[in-house]
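Q: Let me begin by handing over the structure; questions about it come next.
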Amino acid sequence: MKYTKNFKGQSYGFNHLKTLLGKASPLRSADELAGLAAVSEEERAIAQWILADLPLTEFLAEPLISPEEDEVSRLIAESHDCDAFAPISSLTVGGFREWLLAVTTSDQAIASVRWGLTPEMVAAVSKIMRNQDLIAVAKRCSVTTRFRNTIGLPGRLSTRLQPNHPTDDPKGIAASVLDGLLYGNGDAVIGINPAMDSPKHVENLLHLLDEVICRHEIPTQSCVLAHVTTTLELMRRGVPVDLVFQSIAGTEAANKSFGVNLALLAEAHDTALALGRGTLGDNVMYFETGQGTALSANAQHGGIDAQTCEARAYAVARAFSPLLVNTVVGFIGPEYLYDGKQIIRAGLEDHFCAKLLGLPMGCDVCYTNHAEADQNDMDNLMTLLAVAGCTFIMGVPGGDDIMLAYQSTSFHDALYLRRVLNLRPAPEFEDWLNRMGIFDGHNALSLGFTPPRLLGVINELTGETL
Amino acid sequence: MTDPWIALRRFTQARIALGRAGHAVPTQALLDFQLAHAQARDAVQLPWNINAFAGQLRDIGEETLILQTPVSNRSEYLRRPDFGRVLTEESRIRLCNFKARGVDVALIVSNGLSSTAVERRGIALLQTILEGLRVRQFHIAPICLVANGRVALLDDIGSVLDARVAVIVIGERPGLSAADSLGVYLSYAPKKGNTDAERNCISNIHPPEGLSYESATRKLLYLIEESVRRGFSGVALKDEMDGLLGEGKPLIE
């Protein structure tokens with residue numbers, strides 16, 4: 001046994017680093033399903049103890065999947081920066097936790113080790129951190145990105161306006177977009193999950209969003225969350241694509257099951273950059289991830305626990321300097337995250353790990369109707385994440401996504417967080433909201449005011465004068 | 001406080017123009033949401049009367065086979081998606097012994113996460129699909145009915161039947177606005193181990209708000225013919241049908 005500990009006369013041992021990581025992971029149904037979870041609470045606590053004593057260098061010496069057989073492992077090995085790693089190279093996982101929390105460690109020092117960290121180191125330290133540790137350290141990590149506005153500044157919280165419709169009806173989508181804008185949502189992106197992925201269809205939706213953004217000079221960006229191959233084809237045809245979306249995972253095999261690989265993502269990234277549609281910056285990618293995706297994709301996790309697999313997806317994401325990344329934490333279902341407690345923990349872990357690795361991390365604070373969770377769990381998670389400096393959350397009308405059949409955060413929820421934590425939208429978007437009279441200049445909705453220009457759009461849609 | 005743009009509600013089932021109480025939703029909107037959530041939670045637990053469903057199909061002259069997955073109850077179904085992706089050994093043997101192997105299309109029906117969807121809409125959708133397949137002279141296997149199945153079950157059954165294309169009609173997870181939505185998935189040259197990337201999906205079939213049976217069928221027939229012509233299905237099979245509905249975003253199961 002390579003990783004061992006004796007406790008009250010009983011000896012515990014784990015053969016592989018990935019086994020140890022799985023056993024040390026706070027309980028979740030995904031690891032139980034994959035047979036990677038600790039069999040007892042004591043085994044989990046002992047595994048966490050052993051993990052805390054491991055030097056960080058162990059993760060460089062022992063890749064979880066061999067770089068020869070997995071391009072994500074290869075990417076992780078090749079992008080590791082030894083100079084950035086130097087200040088923390090003598091630490092154990094437990095020591096690293098204390099370094100991250102120490103008042104003598106500056107926020108700048110934490111940012112400077114980003115490229116010296118591997119996803120596995122970050123996942124490991126998260127497993128021995130309490131929720132408050134995950135919040136406190138994430139709050140210290142500032143990550144700023146730009147396309148047509150500035151996302152991720154301190155004291156800011158952005159929202160993705162998600163106007164989905166079960167048949168992608170343009171009027172139905174436009175109605176939800178207007179509702180969201182009038183509630184001050186949409187600075188991260190106005191992003192539609194298409195009910196259908198056909199190129200012609202996605203093209204129509206992209207034109208619809210482009211027209212809304214151009215016509216009202218909204219400092220934001222659009223995205224239709226089609227498969228990357230569809231978006232690539234549309235970019236070649238000259239369709240107005242702001243952001244390229246793709247769901248990604250932490251192993252080559254899982255990505256393959258999504259129909260993607262690093263070369264394809266690089267091609268899409270280059271193609272989007274060449275369009276030059278960003279006015280303030282060139283962060284052109286939008287990724288979604290989520291614990292359990294590798295497992296749901298035919299168990300392509302290589303024996304790695306769900307949370308560590310998730311952190312490995314962030315290595316894929318950060319290779320392409322995305323504008324936005326979010327975990328779809330409660331979307332994948334109770335077989336991966338069973339209840340509100342597991343969803344909340346996973347949301348905080350994902351946000352922490354991604355921020356520490358330097359990603360503009362948001363969260364789809366959400367649950368499905370077959371999970372043991374409700375709105376109160378979401379209230380808890382969104383509040384905790386907002387305290388932790390989460391980059392963005394979703395804005396779905398009433399929190400009910402009528403196409404994807406799950407519940408996420410609502411336009412109202414963002415207003416709640418703005419009020420209780422005084423979090424403002426992206427500055428350029430906030431200016432626009434104030435100019436349009438949607439916000440009152442004090443980070444809140446104006447009372448009973450519909451901006452005349454948007455009123456015109458509503459009149460066009462309804463054929464009536466409101 | 002009500003929202004002046006309330007007239008927009010006619011364009012979507014989405015919960016728009018809810019009004020507000022301070023930053024929050026008004027009490028009526030809050031209670032309405034909670035009731036919808038309660039109903040959706042209940043819908044997940046409903047069992048499927050598979051024998052009655054088979055009877056309805058027999059009444060319209062369709063041959064059926066009732067098969068089983070190893071799932072023993074609804075709670076296990078939710079926790080063990082792997083169990084829902086395969087047949088029991090007994091069902092596999094029954095299917096292996098079935099003489100109509102080497103068919104064009106294996107058609108499978110499962111309640112999935114919504115028995116209500118299959119009970120309310122299954123027969124009507126199957127009728128339009130079967131009619132379309134027969135017009136095109138596809139050889140169809142008896143309809144396999146399997147309770148508590150997952151999408152990937154289509155590969156298990158399709159491979160045993162040695163079908164060119166496997167199609168599963170399955171109840172989608174209940175949402176607050178639609179607890180009775182059907183999804184249809186297609187796999188060319190079905191075999192165990194196929195991934196999501198090798199399947200096409202048509203989701204949100206719940207007229208009048210969602211996709212109609214006719215549109216879903218038209219789309220499915222297009223995908224079947226294209227996959228047979230080109231020899232593959234999945235993300236590489238782009239839908240170029242102008243003005244028609246595309247392959248859909250699969251709900252990760």
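FYI, nothing fancy with the structure tokens labels: chains A, B, ... in order, residues from 1 per chain, ligands from 1 as they appear.
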Up to 7 Å from chain B, what residues of chain A turn up? Count only C-alpha atoms and give them as a VMD selection string.
A: chain A and resid 33 166 to 167 171 to 172 175 to 176 179 194 to 200 257 to 259 296 to 298 332 334 to 335 369 to 370 397 to 398 400 402 to 406 412 415 to 416 462
Q: Neighbouring residues of range 388-396 of chain A were defined as those with any atom within 8 Å, considering only C-alpha atoms; residues of the same chain fewer than 4 positions away were excluded. Please report them as a PyMOL selection string.
A: chain A and resi 134-139+151-152+154-163+180+185-186+188+351+360-365+382+384+400-401+408-411+413-414
Q: Next, the residues of the selection above should be written as a tab-separated table (two decimals), in the first residue's frame with N, CA and C atoms.
A:
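Contents of the output file selection34.tsv:
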```
chain	number	residue	atom	x	y	z
A	134	LEU	N	-13.81	27.31	1.44
A	134	LEU	CA	-14.00	27.41	-0.01
A	134	LEU	C	-14.49	28.81	-0.38
A	135	ILE	N	-15.34	29.36	0.46
A	135	ILE	CA	-15.87	30.71	0.22
A	135	ILE	C	-14.77	31.76	0.43
A	136	ALA	N	-14.07	31.63	1.54
A	136	ALA	CA	-13.09	32.66	1.91
A	136	ALA	C	-11.95	32.75	0.89
A	137	VAL	N	-11.47	31.60	0.42
A	137	VAL	CA	-10.34	31.63	-0.52
A	137	VAL	C	-10.81	32.04	-1.91
A	138	ALA	N	-11.97	31.54	-2.34
A	138	ALA	CA	-12.49	31.95	-3.66
A	138	ALA	C	-12.65	33.46	-3.71
A	139	LYS	N	-13.11	34.03	-2.61
A	139	LYS	CA	-13.32	35.48	-2.53
A	139	LYS	C	-12.01	36.25	-2.78
A	151	ILE	N	-16.27	41.59	-17.11
A	151	ILE	CA	-16.89	40.61	-16.23
A	151	ILE	C	-15.92	40.27	-15.09
A	152	GLY	N	-16.43	40.22	-13.87
A	152	GLY	CA	-15.65	39.66	-12.77
A	152	GLY	C	-14.94	40.66	-11.88
A	154	PRO	N	-14.32	43.08	-8.70
A	154	PRO	CA	-14.77	42.94	-7.31
A	154	PRO	C	-16.04	43.76	-7.07
A	155	GLY	N	-16.94	43.21	-6.27
A	155	GLY	CA	-18.18	43.92	-5.96
A	155	GLY	C	-19.22	43.82	-7.05
A	156	ARG	N	-18.96	42.97	-8.04
A	156	ARG	CA	-19.88	42.83	-9.18
A	156	ARG	C	-20.42	41.41	-9.23
A	157	LEU	N	-21.62	41.26	-9.72
A	157	LEU	CA	-22.20	39.95	-9.99
A	157	LEU	C	-22.96	40.06	-11.31
A	158	SER	N	-22.59	39.22	-12.26
A	158	SER	CA	-23.26	39.28	-13.56
A	158	SER	C	-24.28	38.16	-13.68
A	159	THR	N	-25.12	38.27	-14.71
A	159	THR	CA	-26.14	37.24	-14.93
A	159	THR	C	-26.17	36.85	-16.40
A	160	ARG	N	-26.38	35.57	-16.62
A	160	ARG	CA	-26.67	35.11	-17.98
A	160	ARG	C	-28.18	35.10	-18.15
A	161	LEU	N	-28.67	35.88	-19.10
A	161	LEU	CA	-30.10	35.86	-19.39
A	161	LEU	C	-30.38	34.62	-20.24
A	162	GLN	N	-31.23	33.74	-19.73
A	162	GLN	CA	-31.46	32.43	-20.37
A	162	GLN	C	-32.92	32.32	-20.79
A	163	PRO	N	-33.24	32.77	-22.02
A	163	PRO	CA	-34.64	32.91	-22.44
A	163	PRO	C	-35.15	31.69	-23.20
A	180	GLY	N	-36.21	39.81	-19.07
A	180	GLY	CA	-34.92	39.76	-18.37
A	180	GLY	C	-34.21	41.11	-18.37
A	185	ASN	N	-31.14	41.97	-16.10
A	185	ASN	CA	-30.31	40.79	-16.29
A	185	ASN	C	-29.67	40.76	-17.68
A	186	GLY	N	-28.58	39.99	-17.82
A	186	GLY	CA	-28.03	39.72	-19.15
A	186	GLY	C	-26.67	40.29	-19.43
A	188	ALA	N	-23.65	39.03	-18.39
A	188	ALA	CA	-22.66	37.99	-18.69
A	188	ALA	C	-22.83	37.56	-20.15
A	351	HIS	N	-16.77	26.30	-7.76
A	351	HIS	CA	-16.43	27.73	-7.84
A	351	HIS	C	-15.02	27.98	-7.30
A	360	PRO	N	-13.04	32.52	-14.94
A	360	PRO	CA	-14.18	33.39	-14.62
A	360	PRO	C	-15.40	32.52	-14.33
A	361	MET	N	-15.47	32.01	-13.10
A	361	MET	CA	-16.43	30.95	-12.80
A	361	MET	C	-17.78	31.48	-12.32
A	362	GLY	N	-18.80	31.01	-13.01
A	362	GLY	CA	-20.17	31.25	-12.58
A	362	GLY	C	-20.81	29.93	-12.20
A	363	CYS	N	-22.07	29.98	-11.86
A	363	CYS	CA	-22.73	28.74	-11.46
A	363	CYS	C	-24.19	28.77	-11.87
A	364	ASP	N	-24.63	27.68	-12.50
A	364	ASP	CA	-26.05	27.47	-12.71
A	364	ASP	C	-26.56	26.84	-11.42
A	365	VAL	N	-26.99	27.68	-10.52
A	365	VAL	CA	-27.50	27.23	-9.21
A	365	VAL	C	-28.85	26.58	-9.48
A	382	MET	N	-27.03	30.19	-3.73
A	382	MET	CA	-26.74	31.44	-4.45
A	382	MET	C	-26.18	32.50	-3.48
A	384	LEU	N	-24.42	31.92	-0.70
A	384	LEU	CA	-23.04	31.54	-0.37
A	384	LEU	C	-22.10	31.88	-1.53
A	400	ASP	N	-37.87	29.02	-13.66
A	400	ASP	CA	-38.43	27.80	-14.26
A	400	ASP	C	-38.03	27.75	-15.74
A	401	ASP	N	-37.10	26.87	-16.10
A	401	ASP	CA	-36.71	26.75	-17.50
A	401	ASP	C	-37.69	25.82	-18.20
A	408	SER	N	-33.68	26.96	-12.04
A	408	SER	CA	-32.43	27.68	-11.83
A	408	SER	C	-32.76	28.98	-11.10
A	409	THR	N	-31.83	29.92	-11.11
A	409	THR	CA	-32.09	31.19	-10.44
A	409	THR	C	-32.88	32.11	-11.37
A	410	SER	N	-33.62	33.03	-10.77
A	410	SER	CA	-34.52	33.90	-11.53
A	410	SER	C	-33.95	35.31	-11.64
A	411	PHE	N	-34.61	36.11	-12.48
A	411	PHE	CA	-34.25	37.54	-12.57
A	411	PHE	C	-34.38	38.19	-11.19
A	413	ASP	N	-34.00	36.75	-8.35
A	413	ASP	CA	-32.94	36.31	-7.44
A	413	ASP	C	-31.72	37.23	-7.51
A	414	ALA	N	-31.40	37.66	-8.73
A	414	ALA	CA	-30.25	38.57	-8.87
A	414	ALA	C	-30.53	39.89	-8.15
```
Q: Select from range 11-116 of chain B everything DSSP, run on the backbone, classes as strand (DSSP E), then give the selection as an MDAnalysis selection string.
A: chainID B and resid 64:67 105:110
Q: With C-alpha atoms retained, export the selected residues as a compact mmCIF listing (two decimals), in the first residue's frame.
A:
```txt
# COMPACT_ATOMS: atom_id res chain seq x y z
CA THR B 64 -45.51 -5.68 -28.60
CA LEU B 65 -42.90 -7.28 -26.35
CA ILE B 66 -42.76 -6.38 -22.66
CA LEU B 67 -39.17 -6.52 -21.41
CA VAL B 105 -35.95 -0.14 -37.10
CA ALA B 106 -36.14 -1.27 -33.47
CA LEU B 107 -38.76 0.81 -31.69
CA ILE B 108 -38.61 1.02 -27.90
CA VAL B 109 -40.88 2.79 -25.42
CA SER B 110 -40.04 3.55 -21.81
```
Q: Let me make sure I understand: among B:Arg150, B:Arg120, B:Arg230, B:Arg199, which one has the smallest atom-to-atom distance to Asn49 in chain B if we use only C-alpha atoms?
A: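 Of B:Arg150, B:Arg120, B:Arg230, B:Arg199, the one nearest Asn49 in chain B, counting only C-alpha atoms, is B:Arg120.
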Q: Write down as a PyMOL selection string the residues of range 49-157 of chain B whose backbone DSSP state falls under alpha helix (DSSP H).
A: chain B and resi 50-59+74-79+89-97+115-135+153-157
Q: When distances are computed from only C-alpha atoms, which of B:Val103, B:Leu130, B:Glu225, B:Tyr185 shows the smallest separation from Ala163 in chain B?
A: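 Under the stated criterion, the closest residue is B:Val103.
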Q: Nearest to Gly250 in chain A: which of A:Glu211, A:Asp31, A:Asp305, A:Glu372 is it, counting only C-alpha atoms?
A: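 Selected residue with least distance to Gly250 in chain A: A:Asp305.
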Q: Of the residues B:Leu221, B:Leu31, B:Leu145, B:Ala124, which is the one nearest to Ser91 in chain B, using only C-alpha atoms?
A: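 Nearest candidate to Ser91 in chain B out of B:Leu221, B:Leu31, B:Leu145, B:Ala124: B:Leu145.
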Q: Within 7 Å of Thr69 in chain B, counting only C-alpha atoms, which residues show up once you throw out same-chain ones fewer than 5 positions away? Write them as a PyMOL selection string, please.
A: chain B and resi 83-84+86-88+148-149
Q: Skipping near chain neighbours, those fewer than 2 positions away, what residues fall within 7 Å of Asn193 in chain A using only C-alpha atoms, listed as a ChimeraX atom specification?
A: /A:164,191,195,224-225
Q: Do you know which residues are at most 7 Å from Leu56 in chain A counting only C-alpha atoms, after dropping those on the same chain fewer than 5 positions away, and could you put them as JSON, numbers by chain?
A: {"A": [89, 91, 92, 93, 121]}
Q: Can you write out the residues you just picked, keeping N, CA and C atoms, as a CSV table (one decimal), in the first residue's frame?
A:
```csv
chain,number,residue,atom,x,y,z
A,89,SER,N,6.1,24.9,-3.5
A,89,SER,CA,6.6,23.5,-3.9
A,89,SER,C,6.9,22.6,-2.7
A,91,LEU,N,5.2,22.6,0.1
A,91,LEU,CA,4.0,22.4,1.0
A,91,LEU,C,3.3,21.1,0.8
A,92,THR,N,2.7,20.6,1.9
A,92,THR,CA,1.7,19.5,1.8
A,92,THR,C,0.4,20.1,1.4
A,93,VAL,N,-0.6,19.2,1.1
A,93,VAL,CA,-1.9,19.6,0.8
A,93,VAL,C,-2.5,20.4,2.0
A,121,MET,N,-4.2,19.1,-7.7
A,121,MET,CA,-3.8,19.7,-6.4
A,121,MET,C,-4.9,20.5,-5.8
```
Q: Quick one: residues within 12 Å of Arg236 in chain A, only C-alpha atoms, excluding same-chain residues fewer than 6 positions away - as a ChimeraX atom specification?
A: /A:199,203,229-230,267-268,270-272,274-275
Q: Can you work out which one of B:Ser233, B:Pro70, B:Val169, B:Leu35 has the shortest atom-to-atom distance to Arg121 in chain B, counting only C-alpha atoms?
A: B:Val169
Q: Which is closer to Ile129 in chain B than all the others in B:Ile93, B:Ala54, B:Leu154, B:Leu220, using only C-alpha atoms?
A: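 Going through B:Ile93, B:Ala54, B:Leu154, B:Leu220 one by one, the smallest distance to Ile129 in chain B is for B:Leu220.
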Q: Separation of CA of Met1 in chain A and CA of Asn15 in chain A, in Å?
A: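 CA of Met1 in chain A sits 4.9 Å away from CA of Asn15 in chain A.
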Q: Can you list, as a count of residues only, every protein, DNA or RNA residue that comes within 6 Å of Val122 in chain A when you count only C-alpha atoms, leaving out same-chain residues fewer than 3 positions away?
A: 3
Q: Distance CA of His269 in chain A-CA of Thr231 in chain A, one decimal place?
A: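 These two atoms are separated by 10.8 Å.
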